[in-house]
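S.K.: Below is the structure I would like to discuss, written out as C-alpha cells.
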Amino acid sequence: MSAPLLSVEGLTCGYRGKAVTAAATFSVAAEEWLFLLGPNGAGKTTLFKTILRLLPPLGGRIRLGGEDVASWPARRFAARVGYVPQAHRPPFPFRVHEVVAMGRAAHLGPFATPGARDRTIAEQVLADLGIHGLRNAAYTTLSGGERQLVLIARALAQEPMVLVMDEPTANLDFGNQIRVLAHVQTLVARTGLGVLMTSHDPNQALLHAHRVAALGRDGRLQVGSASEIVTRTWLRRTYDVDVSVAELPRADGTVARLCVPMTTP
Ligand SMILES: Nc1ncnc2c1ncn2[C@@H]1O[C@H](COP(=O)(O)OP(=O)(O)OP(=O)(O)O)[C@@H](O)[C@H]1O
C-alpha cells in the first residue's frame, strides 16, 4: 500500500466545544478499506462529519494527499472525497439518473451542467450497481434501500479518491449488501480508491476490512487488523454480548472468520 490518501492527526470532535471523541490519529491509504466500528452513540457520525468538514474540529488536522485541508475551498475537497450519508431526506422528485449525475458537480465549472462524459460515467455506475432499471424513476418514490443504492451510485460517479460511507448497507436486503460490498471491494483493488466506512456488522469488517478503527464508549480510537480488533473480548466489552469468532475454511484455501453468538435466549 502507498502513502495515505487521507490522514487524521490528533483530531478531536464534538459539539459547541464539548468533545465526543478523544484525539484520534489514523490514515486511509490507496487501495485500503478501513472500517470504523463502535457502539451506538460512540461518535462515529460525529467523526465523519468532522472529517467531511460539516463540523469544525475541536483540535487536530485533516490531510488529503499530505495537504492540510483546513484552507481548501469546499469544491476542491468535494472533488476528492465522496460521501454516502446514513439517512437522506428525499429532496425534489429528481430522476435517479439526474441524482447520480449530481455526483459530477464538483468536477464541473460553477455554472456548467453535466456533459456527455459525466452522463456516461453516471450511466456506467448505475449499471455496475445493478440499478440501471431505476434510472428514470423519481428519487422520492424509491424504497429506503433503493435510495441507499442511488446515494452510493452518486458518490461513485464523483470518482473520488476517498469514499466515506456511514452505514451504507443499513437499508439494503441481504443480496444487495453482499453485491454492494463486493463491488466496493473490486473498485478498491481496481482503481486505488480508499474507503472509510462505518458498519454495525463486525462480520462485514472481518470479510472486507484491511484495517479496523474501533471507537470505544470513552471516545478513544484503537486501530488494528480485523483479527486483532474483532475478538471475543472486544465484542463483549463493546456490545455486552458473548460472541465467539469462528473460522470457516473456503474452497480456495482461505479462511473466513465469522461472529457467532455463544448464548441462546
Ligand atoms: N448536533 C448535536 N449536538 C450535540 N450532541 C450531539 C449532536 N449530534 C450527536 N450528538 C451526540 O454525540 C454523541 C455521538 O453521536 P453520533 O451520532 O456521532 O454517534 P454514532 O456512533 O454515529 O451512533 P450510532 O451508531 O447510533 O449512529 C451522542 O451522545 C449524541 O447524542
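Letters for chains follow the order of the C-alpha cells (A, B, ...), residue numbers begin at 1 for each chain, and ligand numbers begin at 1 in the order shown.
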Taking only C-alpha atoms and all ligand atoms into account, which residues are within 9 Å of ligand 1, as a VMD selection string?

M.R.: chain A and resid 14 to 16 18 to 21 37 to 49 86 166 to 167 198 to 200 215 217 219

S.K.: Name all residues at most 9 Å from A:His97 (count only C-alpha atoms; drop same-chain ones fewer than 5 positions away) and give them as a tab-separated table (two decimals) with N, CA and C atoms, in the first residue's frame.

M.R.:
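File written: selection.tsv
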```
chain	number	residue	atom	x	y	z
A	102	MET	N	-25.49	14.31	-10.41
A	102	MET	CA	-25.12	15.39	-9.48
A	102	MET	C	-23.78	15.10	-8.79
A	119	ARG	N	-22.43	12.16	-18.07
A	119	ARG	CA	-23.63	11.30	-18.16
A	119	ARG	C	-23.22	9.84	-18.38
A	122	ALA	N	-22.19	8.39	-15.08
A	122	ALA	CA	-23.37	8.14	-14.24
A	122	ALA	C	-24.10	6.87	-14.68
A	123	GLU	N	-24.26	6.72	-16.01
A	123	GLU	CA	-24.96	5.53	-16.54
A	123	GLU	C	-24.17	4.26	-16.20
A	126	LEU	N	-24.63	3.29	-12.58
A	126	LEU	CA	-25.96	2.69	-12.38
A	126	LEU	C	-25.95	1.23	-12.83
A	132	HIS	N	-29.73	0.09	-13.10
A	132	HIS	CA	-29.97	0.88	-14.30
A	132	HIS	C	-31.47	0.96	-14.59
A	134	LEU	N	-33.71	1.60	-12.68
A	134	LEU	CA	-34.35	2.69	-11.90
A	134	LEU	C	-34.02	4.06	-12.47
A	135	ARG	N	-33.28	4.13	-13.58
A	135	ARG	CA	-32.71	5.42	-14.00
A	135	ARG	C	-33.75	6.52	-14.19
A	136	ASN	N	-34.97	6.16	-14.64
A	136	ASN	CA	-35.98	7.19	-14.88
A	136	ASN	C	-36.98	7.35	-13.74
A	137	ALA	N	-36.81	6.57	-12.68
A	137	ALA	CA	-37.73	6.67	-11.53
A	137	ALA	C	-37.47	7.97	-10.78
A	150	VAL	N	-28.83	4.46	-4.74
A	150	VAL	CA	-28.67	5.65	-5.59
A	150	VAL	C	-27.62	6.59	-4.97
A	154	ARG	N	-24.28	7.86	-6.64
A	154	ARG	CA	-23.93	9.28	-6.76
A	154	ARG	C	-22.49	9.52	-6.27
```

S.K.: Rank nothing, just name the residue among A:Pro261, A:Gly224, A:Gly192, A:Pro168 nearest to A:Asp240, using only C-alpha atoms.

M.R.: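 Checking each of A:Pro261, A:Gly224, A:Gly192, A:Pro168 against A:Asp240, counting only C-alpha atoms, the winner is A:Pro261.
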
S.K.: I'd like the neighbourhood of A:Leu193 as a list in words, where a residue qualifies if any of its atoms comes within 7 Å (using only C-alpha atoms), though same-chain residues fewer than 5 positions away should be ignored.

M.R.: Ala30, Glu31, Met161, Val162, Leu187 and Val188 of chain A

S.K.: Write the residues you've just listed into a file as a PDB file, in the first residue's frame, and include C-alpha atoms for each of them.

M.R.:
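Contents of selection_32.pdb, freshly written:
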```pdb
ATOM      1  CA  ALA A  30      -4.863   3.965  -1.664  1.00  0.00           C
ATOM      2  CA  GLU A  31      -6.408   0.511  -2.108  1.00  0.00           C
ATOM      3  CA  MET A 161     -10.022   9.349  -4.231  1.00  0.00           C
ATOM      4  CA  VAL A 162     -11.569   8.596  -0.839  1.00  0.00           C
ATOM      5  CA  LEU A 187     -13.232  -0.774  -7.003  1.00  0.00           C
ATOM      6  CA  VAL A 188     -10.721  -0.566  -4.170  1.00  0.00           C
TER       7      VAL A 188
END
```

S.K.: For each of A:Pro249, A:Gly216, A:Gly175, A:Pro73, take the minimum atom-to-atom distance to A:Ala22, counting only C-alpha atoms, then give the residue where this is smallest.

M.R.: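 Closest residue, counting only C-alpha atoms: A:Gly216.
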
S.K.: Going by DSSP on the backbone, which residues of stretch 33-244 of chain A come out as alpha helix (DSSP H)? List them as a ChimeraX atom specification.

M.R.: /A:44-51,74-78,96-101,116-128,144-157,174-191,202-208,226-229,232-239

S.K.: How far is it from atom CA of A:Ala170 to atom CA of A:Asn203, in Å with one decimal?

M.R.: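 Separation between atom CA of A:Ala170 and atom CA of A:Asn203: 13.6 Å.
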
S.K.: Which parts of stretch 78-252 of chain A does DSSP call strand (DSSP E) when run on the backbone here, written out as number ranges by chain?

M.R.: A: 81-84, 162-166, 194-198, 211-215, 221-224, 243-249

S.K.: Neighbouring residues of A:Ala24 were defined as those with any atom within 12 Å, considering only C-alpha atoms; residues of the same chain fewer than 6 positions away were excluded. Please report them as a list in words.

M.R.: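 Contacts, with the query itself left out: Ser7, Val8, Glu9, Gly10, Leu11, Thr12, Cys13, Gly43, Lys44, Leu47, Phe48, Thr50, Ile51, Pro57, Leu58, Gly59, Gly60, Arg61, Ile62, Ala213, Ala214, Leu215, Gly216, Gly219, Arg220, Leu221, Gln222 and Val223 of chain A.
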
S.K.: Write the residues of the preceding selection, restricted to N, CA and C atoms, as a compact mmCIF listing (two decimals), in the first residue's frame.

M.R.:
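Result file result-v7.txt:
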```txt
# COMPACT_ATOMS: atom_id res chain seq x y z
N SER A 7 -5.37 11.44 5.92
CA SER A 7 -4.84 11.20 7.26
C SER A 7 -5.42 12.19 8.24
N VAL A 8 -5.65 11.68 9.43
CA VAL A 8 -6.29 12.42 10.51
C VAL A 8 -5.28 12.42 11.65
N GLU A 9 -4.93 13.60 12.12
CA GLU A 9 -3.87 13.68 13.14
C GLU A 9 -4.39 14.37 14.39
N GLY A 10 -4.49 13.65 15.47
CA GLY A 10 -4.94 14.22 16.74
C GLY A 10 -6.28 14.91 16.64
N LEU A 11 -7.17 14.37 15.81
CA LEU A 11 -8.46 15.03 15.55
C LEU A 11 -9.42 14.79 16.72
N THR A 12 -9.88 15.88 17.32
CA THR A 12 -10.87 15.81 18.39
C THR A 12 -12.18 16.37 17.85
N CYS A 13 -13.29 15.64 18.10
CA CYS A 13 -14.57 16.03 17.51
C CYS A 13 -15.63 16.18 18.60
N GLY A 43 -19.80 8.08 18.64
CA GLY A 43 -19.29 9.28 17.97
C GLY A 43 -18.81 9.05 16.54
N LYS A 44 -19.24 7.93 15.92
CA LYS A 44 -18.78 7.61 14.57
C LYS A 44 -19.24 8.67 13.56
N LEU A 47 -17.43 11.92 14.07
CA LEU A 47 -16.08 11.87 13.49
C LEU A 47 -16.15 12.05 11.97
N PHE A 48 -17.10 11.37 11.33
CA PHE A 48 -17.24 11.50 9.88
C PHE A 48 -17.59 12.94 9.49
N THR A 50 -16.90 15.60 10.96
CA THR A 50 -15.74 16.48 11.15
C THR A 50 -14.75 16.27 10.00
N ILE A 51 -14.53 15.00 9.64
CA ILE A 51 -13.62 14.72 8.52
C ILE A 51 -14.15 15.38 7.24
N PRO A 57 -13.50 20.96 13.65
CA PRO A 57 -12.78 20.13 14.63
C PRO A 57 -12.51 20.91 15.91
N LEU A 58 -12.48 20.20 17.04
CA LEU A 58 -12.11 20.86 18.30
C LEU A 58 -10.60 20.88 18.47
N GLY A 59 -9.91 20.09 17.63
CA GLY A 59 -8.45 20.07 17.66
C GLY A 59 -7.94 19.14 16.59
N GLY A 60 -6.67 19.28 16.21
CA GLY A 60 -6.04 18.37 15.26
C GLY A 60 -6.23 18.81 13.82
N ARG A 61 -5.76 17.97 12.90
CA ARG A 61 -5.86 18.33 11.48
C ARG A 61 -6.21 17.14 10.60
N ILE A 62 -6.68 17.50 9.39
CA ILE A 62 -7.08 16.50 8.40
C ILE A 62 -6.26 16.77 7.14
N ALA A 213 -10.82 0.54 12.71
CA ALA A 213 -10.66 1.55 13.76
C ALA A 213 -11.86 1.37 14.69
N ALA A 214 -11.59 1.02 15.94
CA ALA A 214 -12.68 0.75 16.89
C ALA A 214 -12.81 1.94 17.84
N LEU A 215 -13.99 2.55 17.81
CA LEU A 215 -14.25 3.70 18.69
C LEU A 215 -14.98 3.20 19.93
N GLY A 216 -14.39 3.44 21.10
CA GLY A 216 -14.99 2.96 22.35
C GLY A 216 -15.98 3.96 22.92
N GLY A 219 -14.77 7.30 23.77
CA GLY A 219 -14.38 8.21 22.70
C GLY A 219 -12.97 7.97 22.18
N ARG A 220 -12.32 6.91 22.69
CA ARG A 220 -10.94 6.63 22.23
C ARG A 220 -10.95 5.63 21.08
N LEU A 221 -9.99 5.82 20.18
CA LEU A 221 -9.93 5.01 18.97
C LEU A 221 -8.75 4.03 19.04
N GLN A 222 -9.02 2.78 18.64
CA GLN A 222 -7.97 1.76 18.61
C GLN A 222 -7.92 1.24 17.17
N VAL A 223 -6.75 1.21 16.56
CA VAL A 223 -6.65 0.82 15.15
C VAL A 223 -5.81 -0.45 15.03
```

S.K.: Quick check, in Å to one decimal: how far apart do atom CA of A:Arg257 and atom CA of A:Thr186 lie?

M.R.: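 Computing it gives 20.0 Å between the two atoms.
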
S.K.: Just the number, please: distance in Å from atom CA of A:Val84 to atom CA of A:Thr238, one decimal.

M.R.: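 If I compute the distance from atom CA of A:Val84 to atom CA of A:Thr238, I get 25.1 Å.
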
S.K.: Taking into account only C-alpha atoms, which residue in the set A:Leu55, A:Val184, A:Val81, A:Ala153 is nearest to A:Gly130?

M.R.: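 So, comparing all the options, the nearest one is A:Ala153.
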
S.K.: Neighbours of A:Leu149 within 9 Å (only C-alpha atoms; same-chain residues fewer than 6 positions away dropped), as an MDAnalysis selection string?

M.R.: chainID A and resid 126 129 131 168:169 172 176 180

S.K.: Which residue gives the smallest distance to A:Trp234 among A:Ala182, A:Cys259, A:Gln177, A:Ser71, with only C-alpha atoms counted?

M.R.: A:Cys259
